[in-house]
>>> print(open('model.csv').read())   # CSV, C-alpha atoms
chain,number,residue,atom,x,y,z
A,1,MET,CA,0.0,0.0,0.0
A,2,ALA,CA,2.8,2.4,0.9
A,3,ILE,CA,4.6,1.7,-2.4
A,4,MET,CA,1.4,2.4,-4.4
A,5,SER,CA,1.0,5.7,-2.5
A,6,ILE,CA,4.6,6.8,-3.4
A,7,LEU,CA,4.2,5.8,-7.0
A,8,SER,CA,0.9,7.6,-7.4
A,9,SER,CA,2.4,10.8,-6.0
A,10,CYS,CA,5.0,11.0,-8.7
A,11,THR,CA,4.3,13.3,-11.6
A,12,THR,CA,5.5,13.3,-15.2
A,13,ASP,CA,6.8,16.3,-17.2
A,14,ASP,CA,3.5,16.3,-19.2
A,15,GLU,CA,1.4,17.0,-16.1
A,16,LYS,CA,0.4,20.5,-15.2
A,17,MET,CA,1.9,21.9,-12.0
A,18,ILE,CA,-0.8,24.5,-11.2
A,19,ASN,CA,-1.4,25.2,-7.6
A,20,PRO,CA,-4.9,24.0,-6.9
A,21,ASP,CA,-5.5,26.9,-4.6
A,22,TYR,CA,-5.1,29.2,-7.6
A,23,ILE,CA,-8.0,28.0,-9.7
A,24,GLY,CA,-10.4,30.8,-10.1
A,25,ASP,CA,-8.3,33.1,-7.9
A,26,VAL,CA,-6.5,35.8,-9.8
A,27,SER,CA,-4.5,36.6,-6.6
A,28,MET,CA,-1.9,34.0,-7.7
A,29,PHE,CA,-1.0,36.3,-10.7
A,30,ILE,CA,-0.8,39.5,-8.7
A,31,GLY,CA,2.7,41.0,-8.5
A,32,THR,CA,5.7,41.5,-10.7
A,33,TRP,CA,7.1,38.6,-12.7
A,34,LYS,CA,10.5,38.7,-14.4
A,35,GLU,CA,11.4,36.4,-17.3
A,36,SER,CA,13.9,33.8,-16.3
A,37,ASN,CA,14.0,31.4,-19.3
A,38,VAL,CA,12.6,30.9,-22.8
A,39,LEU,CA,12.4,27.5,-24.6
A,40,ILE,CA,11.6,27.1,-28.3
A,41,ASN,CA,10.3,23.6,-29.1
A,42,GLY,CA,11.9,22.4,-25.8
A,43,VAL,CA,15.3,23.9,-26.5
A,44,GLN,CA,16.7,26.9,-24.5
A,45,SER,CA,16.5,30.0,-26.7
A,46,GLN,CA,19.8,31.7,-27.6
A,47,ASN,CA,17.9,34.7,-28.9
A,48,GLN,CA,16.3,36.1,-25.7
A,49,ILE,CA,16.3,39.8,-25.6
A,50,ILE,CA,18.3,40.9,-22.6
A,51,CYS,CA,19.1,44.6,-22.5
A,52,ASN,CA,21.6,45.9,-20.0
A,53,GLY,CA,20.9,42.9,-17.8
A,54,GLU,CA,17.1,43.5,-17.9
A,55,ARG,CA,14.5,41.1,-19.2
A,56,GLU,CA,10.8,41.2,-20.0
A,57,GLN,CA,8.5,41.7,-17.0
A,58,TYR,CA,4.8,41.5,-16.4
A,59,MET,CA,3.0,43.4,-13.6
A,60,PHE,CA,-0.4,42.0,-12.7
A,61,ASN,CA,-2.8,44.1,-10.6
A,62,ASP,CA,-5.7,42.9,-8.4
A,63,ASP,CA,-8.2,44.9,-10.7
A,64,ASN,CA,-7.3,42.5,-13.6
A,65,THR,CA,-5.1,45.1,-15.3
A,66,PHE,CA,-1.5,44.4,-16.3
A,67,THR,CA,1.6,46.1,-17.7
A,68,GLU,CA,4.1,44.4,-19.9
A,69,ARG,CA,7.7,45.8,-20.1
A,70,ASP,CA,9.9,44.5,-22.9
A,71,PHE,CA,12.6,45.6,-25.2
A,72,GLY,CA,12.8,46.2,-29.0
A,73,ASP,CA,15.7,46.8,-31.3
A,74,ASN,CA,18.6,48.6,-29.8
A,75,CYS,CA,17.2,47.9,-26.3
A,76,GLN,CA,14.4,50.4,-26.7
A,77,GLU,CA,12.1,49.9,-23.7
A,78,ARG,CA,8.4,49.3,-24.6
A,79,ILE,CA,5.6,49.4,-22.1
A,80,GLU,CA,2.1,48.2,-22.9
A,81,GLY,CA,-0.9,47.3,-20.8
A,82,GLY,CA,-4.4,46.1,-20.7
A,83,THR,CA,-6.6,43.7,-18.9
A,84,PHE,CA,-6.2,40.0,-18.2
A,85,SER,CA,-8.5,37.1,-17.4
A,86,GLU,CA,-7.7,33.5,-16.5
A,87,THR,CA,-9.2,30.0,-16.3
A,88,ASP,CA,-7.7,26.9,-14.7
A,89,THR,CA,-5.7,26.1,-17.9
A,90,SER,CA,-5.0,29.4,-19.6
A,91,PHE,CA,-4.9,33.2,-19.3
A,92,THR,CA,-5.6,35.9,-21.8
A,93,LEU,CA,-4.0,39.3,-22.1
A,94,GLU,CA,-6.2,42.0,-23.8
A,95,PHE,CA,-4.2,44.8,-25.3
A,96,THR,CA,-5.8,47.8,-27.0
A,97,ASN,CA,-5.7,46.3,-30.5
A,98,ASP,CA,-4.9,42.6,-29.8
A,99,SER,CA,-5.5,39.7,-27.4
A,100,GLU,CA,-3.1,36.8,-26.7
A,101,VAL,CA,-4.1,33.5,-25.1
A,102,TYR,CA,-1.4,31.5,-23.2
A,103,GLU,CA,-1.6,27.9,-21.9
A,104,LEU,CA,-0.7,27.6,-18.3
A,105,ILE,CA,1.9,25.0,-17.5
A,106,GLU,CA,2.8,26.0,-14.0
A,107,LEU,CA,1.6,28.6,-11.5
A,108,THR,CA,2.9,28.7,-8.0
A,109,ASP,CA,3.7,31.4,-5.5
A,110,THR,CA,7.1,31.9,-7.2
A,111,THR,CA,6.8,30.5,-10.8
A,112,LEU,CA,4.7,31.4,-13.8
A,113,ARG,CA,5.3,29.1,-16.7
A,114,PHE,CA,3.2,29.3,-19.9
A,115,SER,CA,3.4,28.4,-23.6
A,116,PHE,CA,1.9,29.5,-26.9
A,117,ASN,CA,2.2,28.5,-30.6
A,118,ASP,CA,4.2,31.0,-32.7
A,119,GLY,CA,4.1,30.1,-36.4
A,120,GLY,CA,4.5,26.3,-35.8
A,121,SER,CA,7.0,26.7,-32.9
A,122,VAL,CA,6.0,26.1,-29.3
A,123,ILE,CA,7.4,28.9,-27.2
A,124,GLU,CA,7.5,28.3,-23.4
A,125,GLN,CA,8.3,31.2,-21.1
A,126,ILE,CA,9.2,30.9,-17.5
A,127,TYR,CA,8.9,33.9,-15.1
A,128,THR,CA,9.9,34.3,-11.5
A,129,LYS,CA,8.0,36.4,-9.0
A,130,LEU,CA,10.0,39.4,-7.7
>>> encode(input="model.csv", output="structure tokens")
Amino acid sequence: MAIMSILSSCTTDDEKMINPDYIGDVSMFIGTWKESNVLINGVQSQNQIICNGEREQYMFNDDNTFTERDFGDNCQERIEGGTFSETDTSFTLEFTNDSEVYELIELTDTTLRFSFNDGGSVIEQIYTKL
């Protein structure tokens, strides 16, 4: 019986690691998240935009608004915002002229991990809460 319990508690890489306390509770998103890693089709990206040691960030607020801070060519800082919504398997960012839907892979007190399809490539982004 003990062995069955141990075996059933193991997880595979394909399983979601979403904190069950988060489902339906946007408070798990609230705060500032800084990009820590990007994978393209499972391989670490060598083309991440890191400008002067800074990486992309998201700031999620308790009124379901967010701000995205990223960098363009020549490290030009760009700041956009909008509203966000979530389900137990995904979240959506609503910009002024666009919306983006991301699949949640992991959401804990310290890690936000999500993926999306970009022209046939699966992009996985990992963020750490500041």
>>> residues_around(input="model.csv", residues="region 95-101 of chain A", least_positions_apart="3", cutoff="7 Å", atoms="all atoms listed in the file", output="ChimeraX atom specification")
/A:81-83,90-92
>>> closest_residue(input="model.csv", among="A:Thr65, A:Gln57, A:Asn74, A:Asn117", to="Asn37 (chain A)", atoms="all atoms listed in the file")
A:Gln57
>>> closest_residue(input="model.csv", among="A:Ile126, A:Met59, A:Ile79, A:Leu107", to="Gly31 (chain A)", atoms="all atoms listed in the file")
A:Met59
>>> atom_distance(input="model.csv", atom1="CA of Arg55 (chain A)", atom2="CA of Lys129 (chain A)")
13.0 Å
>>> atom_distance(input="model.csv", atom1="CA of Gln44 (chain A)", atom2="CA of Phe71 (chain A)")
19.2 Å
>>> atom_distance(input="model.csv", atom1="CA of Asn61 (chain A)", atom2="CA of Phe29 (chain A)")
8.0 Å
>>> residues_around(input="model.csv", residues="Asp70 (chain A)", least_positions_apart="4", cutoff="9 Å", atoms="all atoms listed in the file", output="ChimeraX atom specification")
/A:49,54-58,75-80
>>> build_atoms(input="model.csv", residues="region 64-93 of chain A", atoms="N, CA and C atoms", output="PDB file, in the frame of the given file")
ATOM      1  N   ASN A  64      -7.407  43.257 -12.290  1.00  0.00           N
ATOM      2  CA  ASN A  64      -7.300  42.500 -13.600  1.00  0.00           C
ATOM      3  C   ASN A  64      -6.690  43.381 -14.686  1.00  0.00           C
ATOM      4  N   THR A  65      -5.886  44.371 -14.328  1.00  0.00           N
ATOM      5  CA  THR A  65      -5.100  45.100 -15.300  1.00  0.00           C
ATOM      6  C   THR A  65      -3.660  44.585 -15.227  1.00  0.00           C
ATOM      7  N   PHE A  66      -2.906  44.805 -16.295  1.00  0.00           N
ATOM      8  CA  PHE A  66      -1.500  44.400 -16.300  1.00  0.00           C
ATOM      9  C   PHE A  66      -0.685  45.396 -17.093  1.00  0.00           C
ATOM     10  N   THR A  67       0.614  45.364 -16.879  1.00  0.00           N
ATOM     11  CA  THR A  67       1.600  46.100 -17.700  1.00  0.00           C
ATOM     12  C   THR A  67       2.666  45.171 -18.094  1.00  0.00           C
ATOM     13  N   GLU A  68       3.020  45.243 -19.371  1.00  0.00           N
ATOM     14  CA  GLU A  68       4.100  44.400 -19.900  1.00  0.00           C
ATOM     15  C   GLU A  68       5.261  45.371 -20.240  1.00  0.00           C
ATOM     16  N   ARG A  69       6.444  44.995 -19.805  1.00  0.00           N
ATOM     17  CA  ARG A  69       7.700  45.800 -20.100  1.00  0.00           C
ATOM     18  C   ARG A  69       8.593  44.859 -20.861  1.00  0.00           C
ATOM     19  N   ASP A  70       8.907  45.244 -22.107  1.00  0.00           N
ATOM     20  CA  ASP A  70       9.900  44.500 -22.900  1.00  0.00           C
ATOM     21  C   ASP A  70      10.769  45.402 -23.661  1.00  0.00           C
ATOM     22  N   PHE A  71      11.587  44.838 -24.520  1.00  0.00           N
ATOM     23  CA  PHE A  71      12.600  45.600 -25.200  1.00  0.00           C
ATOM     24  C   PHE A  71      12.563  45.324 -26.707  1.00  0.00           C
ATOM     25  N   GLY A  72      12.718  46.360 -27.510  1.00  0.00           N
ATOM     26  CA  GLY A  72      12.800  46.200 -29.000  1.00  0.00           C
ATOM     27  C   GLY A  72      14.201  46.322 -29.440  1.00  0.00           C
ATOM     28  N   ASP A  73      14.336  46.645 -30.710  1.00  0.00           N
ATOM     29  CA  ASP A  73      15.700  46.800 -31.300  1.00  0.00           C
ATOM     30  C   ASP A  73      16.444  47.889 -30.546  1.00  0.00           C
ATOM     31  N   ASN A  74      17.740  47.704 -30.441  1.00  0.00           N
ATOM     32  CA  ASN A  74      18.600  48.600 -29.800  1.00  0.00           C
ATOM     33  C   ASN A  74      18.234  48.869 -28.307  1.00  0.00           C
ATOM     34  N   CYS A  75      17.617  47.863 -27.691  1.00  0.00           N
ATOM     35  CA  CYS A  75      17.200  47.900 -26.300  1.00  0.00           C
ATOM     36  C   CYS A  75      16.243  49.021 -25.955  1.00  0.00           C
ATOM     37  N   GLN A  76      15.438  49.405 -26.943  1.00  0.00           N
ATOM     38  CA  GLN A  76      14.400  50.400 -26.700  1.00  0.00           C
ATOM     39  C   GLN A  76      13.317  49.807 -25.836  1.00  0.00           C
ATOM     40  N   GLU A  77      13.093  50.381 -24.673  1.00  0.00           N
ATOM     41  CA  GLU A  77      12.100  49.900 -23.700  1.00  0.00           C
ATOM     42  C   GLU A  77      10.683  50.163 -24.285  1.00  0.00           C
ATOM     43  N   ARG A  78       9.814  49.143 -24.207  1.00  0.00           N
ATOM     44  CA  ARG A  78       8.400  49.300 -24.600  1.00  0.00           C
ATOM     45  C   ARG A  78       7.544  48.899 -23.417  1.00  0.00           C
ATOM     46  N   ILE A  79       6.520  49.690 -23.170  1.00  0.00           N
ATOM     47  CA  ILE A  79       5.600  49.400 -22.100  1.00  0.00           C
ATOM     48  C   ILE A  79       4.180  49.435 -22.668  1.00  0.00           C
ATOM     49  N   GLU A  80       3.454  48.327 -22.490  1.00  0.00           N
ATOM     50  CA  GLU A  80       2.100  48.200 -22.900  1.00  0.00           C
ATOM     51  C   GLU A  80       1.252  47.690 -21.775  1.00  0.00           C
ATOM     52  N   GLY A  81      -0.040  47.835 -21.879  1.00  0.00           N
ATOM     53  CA  GLY A  81      -0.900  47.300 -20.800  1.00  0.00           C
ATOM     54  C   GLY A  81      -2.270  46.987 -21.335  1.00  0.00           C
ATOM     55  N   GLY A  82      -3.077  46.511 -20.415  1.00  0.00           N
ATOM     56  CA  GLY A  82      -4.400  46.100 -20.700  1.00  0.00           C
ATOM     57  C   GLY A  82      -5.066  45.406 -19.588  1.00  0.00           C
ATOM     58  N   THR A  83      -5.945  44.469 -19.912  1.00  0.00           N
ATOM     59  CA  THR A  83      -6.600  43.700 -18.900  1.00  0.00           C
ATOM     60  C   THR A  83      -6.264  42.200 -19.104  1.00  0.00           C
ATOM     61  N   PHE A  84      -6.425  41.412 -18.041  1.00  0.00           N
ATOM     62  CA  PHE A  84      -6.200  40.000 -18.200  1.00  0.00           C
ATOM     63  C   PHE A  84      -7.331  39.209 -17.520  1.00  0.00           C
ATOM     64  N   SER A  85      -7.506  37.999 -18.005  1.00  0.00           N
ATOM     65  CA  SER A  85      -8.500  37.100 -17.400  1.00  0.00           C
ATOM     66  C   SER A  85      -7.824  35.699 -17.406  1.00  0.00           C
ATOM     67  N   GLU A  86      -8.366  34.796 -16.578  1.00  0.00           N
ATOM     68  CA  GLU A  86      -7.700  33.500 -16.500  1.00  0.00           C
ATOM     69  C   GLU A  86      -8.792  32.404 -16.267  1.00  0.00           C
ATOM     70  N   THR A  87      -8.388  31.186 -16.612  1.00  0.00           N
ATOM     71  CA  THR A  87      -9.200  30.000 -16.300  1.00  0.00           C
ATOM     72  C   THR A  87      -8.215  29.037 -15.613  1.00  0.00           C
ATOM     73  N   ASP A  88      -8.638  27.815 -15.381  1.00  0.00           N
ATOM     74  CA  ASP A  88      -7.700  26.900 -14.700  1.00  0.00           C
ATOM     75  C   ASP A  88      -6.655  26.332 -15.640  1.00  0.00           C
ATOM     76  N   THR A  89      -6.735  26.597 -16.955  1.00  0.00           N
ATOM     77  CA  THR A  89      -5.700  26.100 -17.900  1.00  0.00           C
ATOM     78  C   THR A  89      -5.072  27.139 -18.764  1.00  0.00           C
ATOM     79  N   SER A  90      -5.572  28.367 -18.714  1.00  0.00           N
ATOM     80  CA  SER A  90      -5.000  29.400 -19.600  1.00  0.00           C
ATOM     81  C   SER A  90      -5.262  30.783 -19.011  1.00  0.00           C
ATOM     82  N   PHE A  91      -4.592  31.771 -19.617  1.00  0.00           N
ATOM     83  CA  PHE A  91      -4.900  33.200 -19.300  1.00  0.00           C
ATOM     84  C   PHE A  91      -4.815  33.974 -20.585  1.00  0.00           C
ATOM     85  N   THR A  92      -5.552  35.073 -20.615  1.00  0.00           N
ATOM     86  CA  THR A  92      -5.600  35.900 -21.800  1.00  0.00           C
ATOM     87  C   THR A  92      -5.227  37.331 -21.424  1.00  0.00           C
ATOM     88  N   LEU A  93      -4.396  37.919 -22.276  1.00  0.00           N
ATOM     89  CA  LEU A  93      -4.000  39.300 -22.100  1.00  0.00           C
ATOM     90  C   LEU A  93      -4.725  40.101 -23.229  1.00  0.00           C
TER      91      LEU A  93
END
